[in-house]
Amino acid sequence: MAINLWGVIDGSQVFAPNMIARGRPGLIINTGSKQGITTPPGNPAYNVSKAGVKAYTEALEHQLRNTPDCRVSAHLLIPGYVFTGLTAGGRTEKPAAAWSADQTVDFMLARLTLGDFYILCPDNDVDRALDEKRIAWAAGDIINNRPPLSRWHPEYTALFEAFVAGDSEDEGRDA
(Lines give C-alpha, C1' and ligand atoms only; values in the text may rest on other atoms or scores of the structure.)
Protein backbone atom coordinates (compact mmCIF):
# COMPACT_ATOMS: atom_id res chain seq x y z
CA MET A 1 0.00 0.00 0.00
CA ALA A 2 2.81 2.40 0.87
CA ILE A 3 4.37 2.12 -2.57
CA ASN A 4 1.57 1.04 -4.91
CA LEU A 5 -1.07 3.46 -3.63
CA TRP A 6 0.50 6.12 -1.42
CA GLY A 7 3.48 6.52 -3.74
CA VAL A 8 1.06 7.46 -6.52
CA ILE A 9 -1.00 9.77 -4.32
CA ASP A 10 1.99 11.48 -2.72
CA GLY A 11 3.81 11.83 -6.05
CA SER A 12 0.80 13.38 -7.74
CA GLN A 13 0.19 15.78 -4.87
CA VAL A 14 3.82 16.91 -4.89
CA PHE A 15 4.26 17.34 -8.65
CA ALA A 16 0.81 18.32 -9.98
CA PRO A 17 0.59 21.82 -8.46
CA ASN A 18 3.93 22.87 -9.95
CA MET A 19 3.06 21.27 -13.28
CA ILE A 20 -0.21 23.22 -13.38
CA ALA A 21 1.51 26.46 -12.33
CA ARG A 22 3.98 26.19 -15.23
CA GLY A 23 1.08 26.57 -17.63
CA ARG A 24 2.51 24.08 -20.08
CA PRO A 25 1.04 20.80 -21.29
CA GLY A 26 1.87 17.86 -19.09
CA LEU A 27 0.89 14.29 -18.30
CA ILE A 28 0.60 12.39 -15.07
CA ILE A 29 0.57 8.67 -15.83
CA ASN A 30 -0.26 6.41 -12.91
CA THR A 31 0.33 2.68 -13.16
CA GLY A 32 -2.66 0.61 -12.18
CA SER A 33 -3.25 -3.03 -13.02
CA LYS A 34 -5.94 -5.22 -14.49
CA GLN A 35 -5.99 -6.82 -11.05
CA GLY A 36 -7.18 -3.52 -9.63
CA ILE A 37 -10.26 -3.75 -11.84
CA THR A 38 -11.17 -7.43 -11.90
CA THR A 39 -9.68 -8.19 -8.42
CA PRO A 40 -8.93 -11.90 -8.91
CA PRO A 41 -8.41 -14.05 -5.83
CA GLY A 42 -4.93 -14.70 -4.53
CA ASN A 43 -3.41 -11.28 -3.86
CA PRO A 44 -6.00 -9.04 -2.21
CA ALA A 45 -3.58 -6.41 -0.85
CA TYR A 46 -2.14 -5.82 -4.34
CA ASN A 47 -5.65 -5.70 -5.82
CA VAL A 48 -6.77 -3.14 -3.22
CA SER A 49 -3.73 -0.95 -3.85
CA LYS A 50 -4.28 -0.96 -7.62
CA ALA A 51 -8.04 -0.44 -7.26
CA GLY A 52 -7.13 2.60 -5.19
CA VAL A 53 -4.82 3.85 -7.95
CA LYS A 54 -7.71 3.55 -10.43
CA ALA A 55 -10.12 5.50 -8.20
CA TYR A 56 -7.51 8.12 -7.32
CA THR A 57 -6.44 8.68 -10.93
CA GLU A 58 -10.05 9.03 -12.09
CA ALA A 59 -10.62 11.68 -9.41
CA LEU A 60 -7.33 13.39 -10.25
CA GLU A 61 -8.21 13.66 -13.95
CA HIS A 62 -11.63 15.04 -13.03
CA GLN A 63 -9.98 17.66 -10.82
CA LEU A 64 -7.40 18.59 -13.47
CA ARG A 65 -9.92 19.00 -16.25
CA ASN A 66 -12.00 21.27 -14.01
CA THR A 67 -9.05 23.43 -12.95
CA PRO A 68 -9.08 26.71 -14.88
CA ASP A 69 -6.22 27.09 -17.35
CA CYS A 70 -4.83 23.66 -16.46
CA ARG A 71 -2.97 21.99 -19.31
CA VAL A 72 -2.07 18.86 -17.36
CA SER A 73 -3.98 15.61 -17.69
CA ALA A 74 -3.90 12.34 -15.76
CA HIS A 75 -3.97 8.88 -17.34
CA LEU A 76 -4.28 5.36 -15.98
CA LEU A 77 -1.88 2.78 -17.40
CA ILE A 78 -3.45 -0.65 -16.98
CA PRO A 79 -0.80 -3.21 -17.91
CA GLY A 80 -1.32 -6.90 -18.28
CA TYR A 81 1.44 -9.42 -17.77
CA VAL A 82 4.72 -7.52 -18.14
CA PHE A 83 8.10 -9.20 -17.68
CA THR A 84 10.39 -7.00 -15.59
CA GLY A 85 13.02 -7.55 -12.96
CA LEU A 86 10.27 -7.23 -10.38
CA THR A 87 8.03 -9.86 -11.99
CA ALA A 88 10.81 -12.20 -13.16
CA GLY A 89 10.74 -14.38 -10.05
CA GLY A 90 14.28 -15.54 -10.72
CA ARG A 91 13.68 -16.25 -14.41
CA THR A 92 15.98 -14.78 -17.02
CA GLU A 93 13.84 -15.54 -20.07
CA LYS A 94 10.62 -13.65 -20.75
CA PRO A 95 7.64 -16.01 -20.61
CA ALA A 96 5.76 -16.29 -23.91
CA ALA A 97 2.57 -14.88 -22.33
CA ALA A 98 4.25 -11.68 -21.11
CA TRP A 99 4.97 -8.43 -22.84
CA SER A 100 8.28 -6.69 -22.38
CA ALA A 101 8.47 -3.31 -20.68
CA ASP A 102 9.35 -1.79 -24.08
CA GLN A 103 6.19 -3.22 -25.67
CA THR A 104 4.11 -1.83 -22.83
CA VAL A 105 5.65 1.64 -23.13
CA ASP A 106 5.23 1.66 -26.92
CA PHE A 107 1.56 0.73 -26.52
CA MET A 108 1.09 3.40 -23.85
CA LEU A 109 2.65 6.09 -26.04
CA ALA A 110 0.43 5.15 -28.98
CA ARG A 111 -2.69 5.31 -26.79
CA LEU A 112 -1.65 8.64 -25.26
CA THR A 113 -1.37 10.01 -28.79
CA LEU A 114 -5.04 9.08 -29.21
CA GLY A 115 -5.93 10.82 -25.93
CA ASP A 116 -6.88 7.70 -23.97
CA PHE A 117 -7.37 8.02 -20.23
CA TYR A 118 -7.68 4.28 -19.65
CA ILE A 119 -4.66 2.67 -21.32
CA LEU A 120 -5.67 -0.99 -21.21
CA CYS A 121 -2.65 -3.00 -22.39
CA PRO A 122 -3.00 -6.46 -23.83
CA ASP A 123 -0.22 -9.00 -23.50
CA ASN A 124 0.66 -12.21 -25.34
CA ASP A 125 -1.85 -14.19 -23.28
CA VAL A 126 -5.00 -12.04 -23.11
CA ASP A 127 -6.29 -9.80 -25.89
CA ARG A 128 -8.38 -6.68 -25.37
CA ALA A 129 -11.67 -8.44 -26.17
CA LEU A 130 -11.16 -10.92 -23.33
CA ASP A 131 -10.00 -8.15 -20.98
CA GLU A 132 -13.20 -6.24 -21.76
CA LYS A 133 -15.33 -9.31 -21.06
CA ARG A 134 -13.56 -9.92 -17.75
CA ILE A 135 -13.99 -6.27 -16.73
CA ALA A 136 -17.68 -6.29 -17.71
CA TRP A 137 -18.24 -9.52 -15.80
CA ALA A 138 -16.54 -8.10 -12.68
CA ALA A 139 -18.78 -5.01 -12.80
CA GLY A 140 -21.73 -7.34 -13.35
CA ASP A 141 -21.10 -9.00 -9.99
CA ILE A 142 -22.41 -5.81 -8.39
CA ILE A 143 -25.09 -4.98 -10.96
CA ASN A 144 -26.47 -8.54 -11.05
CA ASN A 145 -26.02 -9.22 -7.33
CA ARG A 146 -23.81 -12.24 -7.92
CA PRO A 147 -21.42 -13.55 -5.27
CA PRO A 148 -18.16 -11.60 -5.16
CA LEU A 149 -15.56 -12.89 -7.60
CA SER A 150 -18.22 -15.04 -9.27
CA ARG A 151 -15.92 -15.68 -12.22
CA TRP A 152 -14.12 -18.16 -9.94
CA HIS A 153 -17.31 -19.52 -8.33
CA PRO A 154 -18.16 -23.05 -9.53
CA GLU A 155 -21.86 -22.20 -9.94
CA TYR A 156 -20.98 -19.44 -12.44
CA THR A 157 -18.29 -21.16 -14.49
CA ALA A 158 -20.59 -22.12 -17.36
CA LEU A 159 -22.33 -18.72 -17.39
CA PHE A 160 -18.99 -16.91 -17.48
CA GLU A 161 -17.68 -19.14 -20.27
CA ALA A 162 -20.87 -18.54 -22.30
CA PHE A 163 -20.59 -14.80 -21.66
CA VAL A 164 -16.98 -14.74 -22.88
CA ALA A 165 -17.90 -16.80 -25.93
CA GLY A 166 -20.69 -14.35 -26.71
CA ASP A 167 -23.28 -17.11 -26.43
CA SER A 168 -25.16 -15.36 -23.67
CA GLU A 169 -26.41 -11.85 -23.10
CA ASP A 170 -27.37 -12.93 -19.58
CA GLU A 171 -24.63 -12.21 -17.06
CA GLY A 172 -26.02 -14.48 -14.36
CA ARG A 173 -28.58 -12.44 -12.47
CA ASP A 174 -29.31 -13.46 -8.90
CA ALA A 175 -31.50 -10.49 -7.98
# chains A, B, ... in the order shown; residues from 1 in each chain; ligands from 1
>>> residues_around(residues="Ser12 in chain A", least_positions_apart="6", cutoff="10 Å", atoms="only C-alpha atoms", output="VMD selection string")
chain A and resid 6 19 28 to 30 56 to 57 60 74
>>> residues_around(residues="Ala2 in chain A", least_positions_apart="4", cutoff="12 Å", atoms="only C-alpha atoms", output="list in words")
Trp6, Gly7, Val8, Ile9, Asp10, Gly11, Ala45, Tyr46, Val48, Ser49, Lys50, Gly52 and Val53 of chain A
>>> write_last_selection(atoms="N, CA and C atoms", output="short mmCIF file (atom, residue, chain, number, x, y, z; two decimals), in the first residue's frame")
data_model
loop_
_atom_site.label_atom_id
_atom_site.label_comp_id
_atom_site.auth_asym_id
_atom_site.auth_seq_id
_atom_site.Cartn_x
_atom_site.Cartn_y
_atom_site.Cartn_z
N TRP A 6 0.07 4.83 -1.98
CA TRP A 6 0.50 6.12 -1.42
C TRP A 6 1.63 6.76 -2.22
N GLY A 7 2.45 5.95 -2.87
CA GLY A 7 3.48 6.52 -3.74
C GLY A 7 2.85 7.31 -4.88
N VAL A 8 1.78 6.78 -5.44
CA VAL A 8 1.06 7.46 -6.52
C VAL A 8 0.39 8.73 -6.00
N ILE A 9 -0.30 8.61 -4.88
CA ILE A 9 -1.00 9.77 -4.32
C ILE A 9 0.00 10.86 -3.93
N ASP A 10 1.01 10.49 -3.17
CA ASP A 10 1.99 11.48 -2.72
C ASP A 10 2.72 12.11 -3.91
N GLY A 11 3.12 11.29 -4.88
CA GLY A 11 3.81 11.83 -6.05
C GLY A 11 2.96 12.82 -6.82
N ALA A 45 -4.22 -7.69 -1.19
CA ALA A 45 -3.58 -6.41 -0.85
C ALA A 45 -3.13 -5.69 -2.12
N TYR A 46 -2.55 -6.42 -3.06
CA TYR A 46 -2.14 -5.82 -4.34
C TYR A 46 -3.37 -5.29 -5.08
N VAL A 48 -6.24 -4.33 -3.90
CA VAL A 48 -6.77 -3.14 -3.22
C VAL A 48 -5.92 -1.93 -3.57
N SER A 49 -4.60 -2.09 -3.55
CA SER A 49 -3.73 -0.95 -3.85
C SER A 49 -3.96 -0.45 -5.27
N LYS A 50 -4.10 -1.36 -6.22
CA LYS A 50 -4.28 -0.96 -7.62
C LYS A 50 -5.71 -0.47 -7.88
N GLY A 52 -7.27 1.25 -5.70
CA GLY A 52 -7.13 2.60 -5.19
C GLY A 52 -6.47 3.54 -6.19
N VAL A 53 -5.48 3.04 -6.92
CA VAL A 53 -4.82 3.85 -7.95
C VAL A 53 -5.83 4.22 -9.03
#
>>> residues_around(residues="range 144-151 of chain A", least_positions_apart="4", cutoff="12 Å", atoms="only C-alpha atoms", output="VMD selection string")
chain A and resid 35 37 to 42 44 133 to 140 155 to 164 170 to 175
>>> write_last_selection(atoms="N, CA and C atoms", output="JSON list (two decimals), in the first residue's frame")
[["chain", "number", "residue", "atom", "x", "y", "z"],
["A", 35, "GLN", "N", -5.57, -6.24, -12.32],
["A", 35, "GLN", "CA", -5.99, -6.82, -11.05],
["A", 35, "GLN", "C", -6.70, -5.81, -10.17],
["A", 37, "ILE", "N", -8.92, -3.89, -11.27],
["A", 37, "ILE", "CA", -10.26, -3.75, -11.84],
["A", 37, "ILE", "C", -11.07, -5.03, -11.69],
["A", 38, "THR", "N", -10.44, -6.17, -11.99],
["A", 38, "THR", "CA", -11.17, -7.43, -11.90],
["A", 38, "THR", "C", -10.94, -8.15, -10.57],
["A", 39, "THR", "N", -10.01, -7.70, -9.77],
["A", 39, "THR", "CA", -9.68, -8.19, -8.42],
["A", 39, "THR", "C", -9.74, -9.72, -8.27],
["A", 40, "PRO", "N", -8.91, -10.44, -9.03],
["A", 40, "PRO", "CA", -8.93, -11.90, -8.91],
["A", 40, "PRO", "C", -8.45, -12.35, -7.53],
["A", 41, "PRO", "N", -8.86, -13.55, -7.12],
["A", 41, "PRO", "CA", -8.41, -14.05, -5.83],
["A", 41, "PRO", "C", -6.90, -14.30, -5.84],
["A", 42, "GLY", "N", -6.33, -14.31, -4.64],
["A", 42, "GLY", "CA", -4.93, -14.70, -4.53],
["A", 42, "GLY", "C", -3.98, -13.62, -4.06],
["A", 44, "PRO", "N", -5.06, -10.12, -2.49],
["A", 44, "PRO", "CA", -6.00, -9.04, -2.21],
["A", 44, "PRO", "C", -5.34, -7.70, -1.87],
["A", 133, "LYS", "N", -14.33, -8.38, -21.60],
["A", 133, "LYS", "CA", -15.33, -9.31, -21.06],
["A", 133, "LYS", "C", -15.11, -9.53, -19.56],
["A", 134, "ARG", "N", -13.85, -9.72, -19.17],
["A", 134, "ARG", "CA", -13.56, -9.92, -17.75],
["A", 134, "ARG", "C", -13.94, -8.69, -16.91],
["A", 135, "ILE", "N", -13.65, -7.51, -17.44],
["A", 135, "ILE", "CA", -13.99, -6.27, -16.73],
["A", 135, "ILE", "C", -15.51, -6.13, -16.63],
["A", 136, "ALA", "N", -16.21, -6.39, -17.72],
["A", 136, "ALA", "CA", -17.68, -6.29, -17.71],
["A", 136, "ALA", "C", -18.27, -7.30, -16.73],
["A", 137, "TRP", "N", -17.74, -8.50, -16.72],
["A", 137, "TRP", "CA", -18.24, -9.52, -15.80],
["A", 137, "TRP", "C", -18.03, -9.08, -14.35],
["A", 138, "ALA", "N", -16.84, -8.55, -14.04],
["A", 138, "ALA", "CA", -16.54, -8.10, -12.68],
["A", 138, "ALA", "C", -17.51, -7.01, -12.25],
["A", 139, "ALA", "N", -17.80, -6.05, -13.12],
["A", 139, "ALA", "CA", -18.78, -5.01, -12.80],
["A", 139, "ALA", "C", -20.16, -5.63, -12.64],
["A", 140, "GLY", "N", -20.44, -6.66, -13.43],
["A", 140, "GLY", "CA", -21.73, -7.34, -13.35],
["A", 140, "GLY", "C", -21.97, -8.05, -12.03],
["A", 155, "GLU", "N", -20.50, -22.31, -9.43],
["A", 155, "GLU", "CA", -21.86, -22.20, -9.94],
["A", 155, "GLU", "C", -21.97, -21.24, -11.12],
["A", 156, "TYR", "N", -20.94, -20.43, -11.37],
["A", 156, "TYR", "CA", -20.98, -19.44, -12.44],
["A", 156, "TYR", "C", -20.00, -19.74, -13.57],
["A", 157, "THR", "N", -19.29, -20.83, -13.48],
["A", 157, "THR", "CA", -18.29, -21.16, -14.49],
["A", 157, "THR", "C", -18.89, -21.23, -15.88],
["A", 158, "ALA", "N", -19.97, -21.97, -16.03],
["A", 158, "ALA", "CA", -20.59, -22.12, -17.36],
["A", 158, "ALA", "C", -21.16, -20.79, -17.86],
["A", 159, "LEU", "N", -21.79, -20.03, -16.98],
["A", 159, "LEU", "CA", -22.33, -18.72, -17.39],
["A", 159, "LEU", "C", -21.22, -17.78, -17.84],
["A", 160, "PHE", "N", -20.10, -17.78, -17.10],
["A", 160, "PHE", "CA", -18.99, -16.91, -17.48],
["A", 160, "PHE", "C", -18.41, -17.35, -18.82],
["A", 161, "GLU", "N", -18.22, -18.64, -19.00],
["A", 161, "GLU", "CA", -17.68, -19.14, -20.27],
["A", 161, "GLU", "C", -18.60, -18.79, -21.44],
["A", 162, "ALA", "N", -19.92, -18.91, -21.25],
["A", 162, "ALA", "CA", -20.87, -18.54, -22.30],
["A", 162, "ALA", "C", -20.82, -17.04, -22.57],
["A", 163, "PHE", "N", -20.68, -16.24, -21.52],
["A", 163, "PHE", "CA", -20.59, -14.80, -21.66],
["A", 163, "PHE", "C", -19.34, -14.42, -22.47],
["A", 164, "VAL", "N", -18.22, -15.02, -22.15],
["A", 164, "VAL", "CA", -16.98, -14.74, -22.88],
["A", 164, "VAL", "C", -17.10, -15.17, -24.33],
["A", 170, "ASP", "N", -27.13, -12.88, -21.01],
["A", 170, "ASP", "CA", -27.37, -12.93, -19.58],
["A", 170, "ASP", "C", -26.03, -13.03, -18.85],
["A", 171, "GLU", "N", -25.86, -12.19, -17.83],
["A", 171, "GLU", "CA", -24.63, -12.21, -17.06],
["A", 171, "GLU", "C", -24.85, -12.86, -15.70],
["A", 172, "GLY", "N", -25.83, -13.74, -15.59],
["A", 172, "GLY", "CA", -26.02, -14.48, -14.36],
["A", 172, "GLY", "C", -26.68, -13.72, -13.25],
["A", 173, "ARG", "N", -27.87, -13.20, -13.49],
["A", 173, "ARG", "CA", -28.58, -12.44, -12.47],
["A", 173, "ARG", "C", -29.00, -13.32, -11.32],
["A", 174, "ASP", "N", -28.85, -12.79, -10.11],
["A", 174, "ASP", "CA", -29.31, -13.46, -8.90],
["A", 174, "ASP", "C", -30.34, -12.61, -8.15],
["A", 175, "ALA", "N", -30.64, -11.42, -8.69],
["A", 175, "ALA", "CA", -31.50, -10.49, -7.98],
["A", 175, "ALA", "C", -32.74, -11.18, -7.52]]
>>> atom_distance(atom1="CA of Glu61 in chain A", atom2="CA of Ile143 in chain A")
25.3 Å
>>> select_by_dssp(residues="range 11-158 of chain A", states="strand (DSSP E or B)", output="ChimeraX atom specification")
/A:26-31,72-78,82-83,99-100,118-120
>>> closest_residue(among="A:Ala59, A:Val105, A:Ile78, A:Ala16", to="Ser33 in chain A", atoms="only C-alpha atoms")
A:Ile78
>>> atom_distance(atom1="CA of Asp125 in chain A", atom2="CA of Glu93 in chain A")
16.1 Å
>>> residues_around(residues="Ala51 in chain A", least_positions_apart="4", cutoff="7 Å", atoms="only C-alpha atoms", output="number ranges by chain")
A: 36-37, 47, 55
>>> closest_residue(among="A:Ile20, A:Ile142, A:Met1, A:Val14", to="Arg71 in chain A", atoms="only C-alpha atoms")
A:Ile20
>>> atom_distance(atom1="CA of Val126 in chain A", atom2="CA of Asn4 in chain A")
23.4 Å
>>> residues_around(residues="Ala96 in chain A", least_positions_apart="2", cutoff="8 Å", atoms="only C-alpha atoms", output="PyMOL selection string")
chain A and resi 94+98-99+124-125
>>> select_by_dssp(residues="chain A", states="helix (DSSP H, G or I)", output="MDAnalysis selection string")
chainID A and resid 6:22 35:38 44:65 101:113 128:143 150:152 154:165
>>> closest_residue(among="A:Leu27, A:Val82, A:Leu64, A:Leu114", to="Ala101 in chain A", atoms="only C-alpha atoms")
A:Val82
